[in-house]
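Text of start-v9.cif, listed as mmCIF, C-alpha atoms:
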```cif
data_my_file
#
loop_
_atom_site.group_PDB
_atom_site.id
_atom_site.type_symbol
_atom_site.label_atom_id
_atom_site.label_comp_id
_atom_site.auth_asym_id
_atom_site.auth_seq_id
_atom_site.Cartn_x
_atom_site.Cartn_y
_atom_site.Cartn_z
ATOM 1 C CA MET A 196 77.171 136.421 10.896
ATOM 2 C CA ASP A 197 75.715 136.750 14.379
ATOM 3 C CA ARG A 198 77.862 139.785 15.094
ATOM 4 C CA LEU A 199 76.741 141.577 11.928
ATOM 5 C CA LEU A 200 73.091 140.815 12.608
ATOM 6 C CA ARG A 201 73.469 142.198 16.152
ATOM 7 C CA VAL A 202 74.575 145.566 14.705
ATOM 8 C CA ASP A 203 78.196 144.953 15.730
ATOM 9 C CA LEU A 204 79.556 146.198 12.421
ATOM 10 C CA PRO A 205 83.247 146.619 11.647
ATOM 11 C CA ARG A 206 84.515 150.065 10.802
ATOM 12 C CA GLY A 207 83.492 150.871 7.241
ATOM 13 C CA GLY A 208 81.394 147.711 6.976
ATOM 14 C CA ARG A 209 77.714 147.151 6.438
ATOM 15 C CA CYS A 210 75.362 144.316 7.228
ATOM 16 C CA ASP A 211 75.825 142.750 3.806
ATOM 17 C CA ILE A 212 77.381 139.825 1.959
ATOM 18 C CA LYS A 213 80.572 141.733 1.169
ATOM 19 C CA THR A 214 81.233 142.434 4.840
ATOM 20 C CA LEU A 215 80.231 138.897 5.822
ATOM 21 C CA ALA A 216 82.822 137.494 3.416
ATOM 22 C CA ARG A 217 85.534 139.906 4.542
ATOM 23 C CA GLU A 218 84.908 139.244 8.237
ATOM 24 C CA SER A 219 84.830 135.486 7.597
ATOM 25 C CA GLY A 220 88.121 135.599 5.732
ATOM 26 C CA ILE A 221 86.709 134.044 2.567
ATOM 27 C CA ASP A 222 86.369 135.245 -0.997
ATOM 28 C CA ARG A 223 82.919 136.666 -1.644
ATOM 29 C CA THR A 224 82.440 134.439 -4.697
ATOM 30 C CA ALA A 225 82.587 131.383 -2.388
ATOM 31 C CA LEU A 226 79.178 132.477 -1.047
ATOM 32 C CA TYR A 227 77.346 132.032 -4.364
ATOM 33 C CA GLY A 228 75.961 129.224 -6.493
ATOM 34 C CA THR A 229 77.123 125.753 -5.556
ATOM 35 C CA ARG A 230 80.327 126.981 -3.992
ATOM 36 C CA PRO A 231 81.459 125.826 -0.530
ATOM 37 C CA TYR A 232 79.912 128.602 1.558
ATOM 38 C CA ALA A 233 76.694 129.294 -0.374
ATOM 39 C CA HIS A 234 74.667 127.930 2.538
ATOM 40 C CA LEU A 235 76.067 130.692 4.765
ATOM 41 C CA ARG A 236 74.890 133.390 2.358
ATOM 42 C CA GLU A 237 71.451 131.783 2.210
ATOM 43 C CA GLU A 238 71.197 131.640 6.009
ATOM 44 C CA PHE A 239 72.430 135.225 6.325
ATOM 45 C CA GLU A 240 69.895 136.509 3.783
ATOM 46 C CA THR A 241 67.064 134.560 5.429
ATOM 47 C CA ARG A 242 67.887 135.892 8.884
ATOM 48 C CA LEU A 243 68.310 139.431 7.557
ATOM 49 C CA THR A 244 64.895 139.240 5.860
ATOM 50 C CA VAL A 245 63.251 138.086 9.096
ATOM 51 C CA ILE A 246 64.838 140.969 10.997
ATOM 52 C CA ARG A 247 63.715 143.502 8.404
ATOM 53 C CA GLN A 248 60.174 142.078 8.280
ATOM 54 C CA ALA A 249 60.006 142.584 12.044
ATOM 55 C CA GLY A 250 60.663 146.290 11.398
ATOM 56 C CA ASP A 251 64.260 146.297 12.556
ATOM 57 C CA SER A 252 67.484 146.955 10.709
ATOM 58 C CA PRO A 253 70.880 145.616 11.730
ATOM 59 C CA ASP A 254 72.505 148.403 9.715
ATOM 60 C CA PRO A 255 71.756 151.896 11.016
ATOM 61 C CA ARG A 256 72.475 153.328 7.555
ATOM 62 C CA ASP A 257 69.484 151.433 6.117
ATOM 63 C CA GLY A 258 66.179 153.187 6.075
#
```

How would this structure read if it were set down as structure tokens?
Amino acid sequence: MDRLLRVDLPRGGRCDIKTLARESGIDRTALYGTRPYAHLREEFETRLTVIRQAGDSPDPRDG
């Protein structure tokens, strides 16, 4: 998560949930609902929102 939010994106990846799941080695569905890693998705989305509200973007393809 920290790496993605620092703009250290893997080749072909974005700063998004799909890339977070792939880089974490977990199935993307595990990040939703009451599943085991939902708290990670929530933290990621919160931190990404804060970064964007500050006028920055961890993904150079955004904006």

* Asked: Taking into account all atoms listed in the file, which residue in the set A:Ile246, A:Leu204, A:Asp251, A:Met196 is nearest to Ser219 in chain A?
  -> A:Met196

* Polymer residues at most 12 Å from Ala225 in chain A, all atoms listed in the file, same-chain spacing of 5 or more positions, as a PyMOL selection string -> chain A and resi 212-213+215-217+219-220+230-236

* What does the PyMOL selection byres ((chain A and resi 253) around 6) select in this file, as an MDAnalysis selection string? -> chainID A and resid 200 202 252 254

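Between Thr244 in chain A and the candidates A:Pro205, A:Asp211, A:Leu226, A:Arg256, the tightest atom-to-atom separation, counting all atoms listed in the file, involves A:Asp211.
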
Calculate, to one decimal in Å, the centre and edge lengths of the box along x, y and z of the file that holds all listed atoms of range 229-245 of chain A with 4 Å of margin on each side, and present them as AutoDock Vina command-line options.
```
--center_x 72.4 --center_y 132.6 --center_z 1.8 --size_x 26.2 --size_y 21.7 --size_z 22.7
```

* To do: Grab the CA of Arg223 in chain A to CA of Ala249 in chain A distance for me, in Å with one decimal place.
  =>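 Atom-to-atom, CA of Arg223 in chain A to CA of Ala249 in chain A, that is 27.3 Å.
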
* Expressed in Å to a single decimal, how great is the separation between CA of Arg201 in chain A and CA of Leu243 in chain A? ->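 Between CA of Arg201 in chain A and CA of Leu243 in chain A the gap is 10.4 Å.
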
* Asked: Which value, in Å to one decimal, gives the distance between CA of Glu237 in chain A and CA of Arg198 in chain A?
  ->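 Taking CA of Glu237 in chain A and CA of Arg198 in chain A, their separation equals 16.5 Å.
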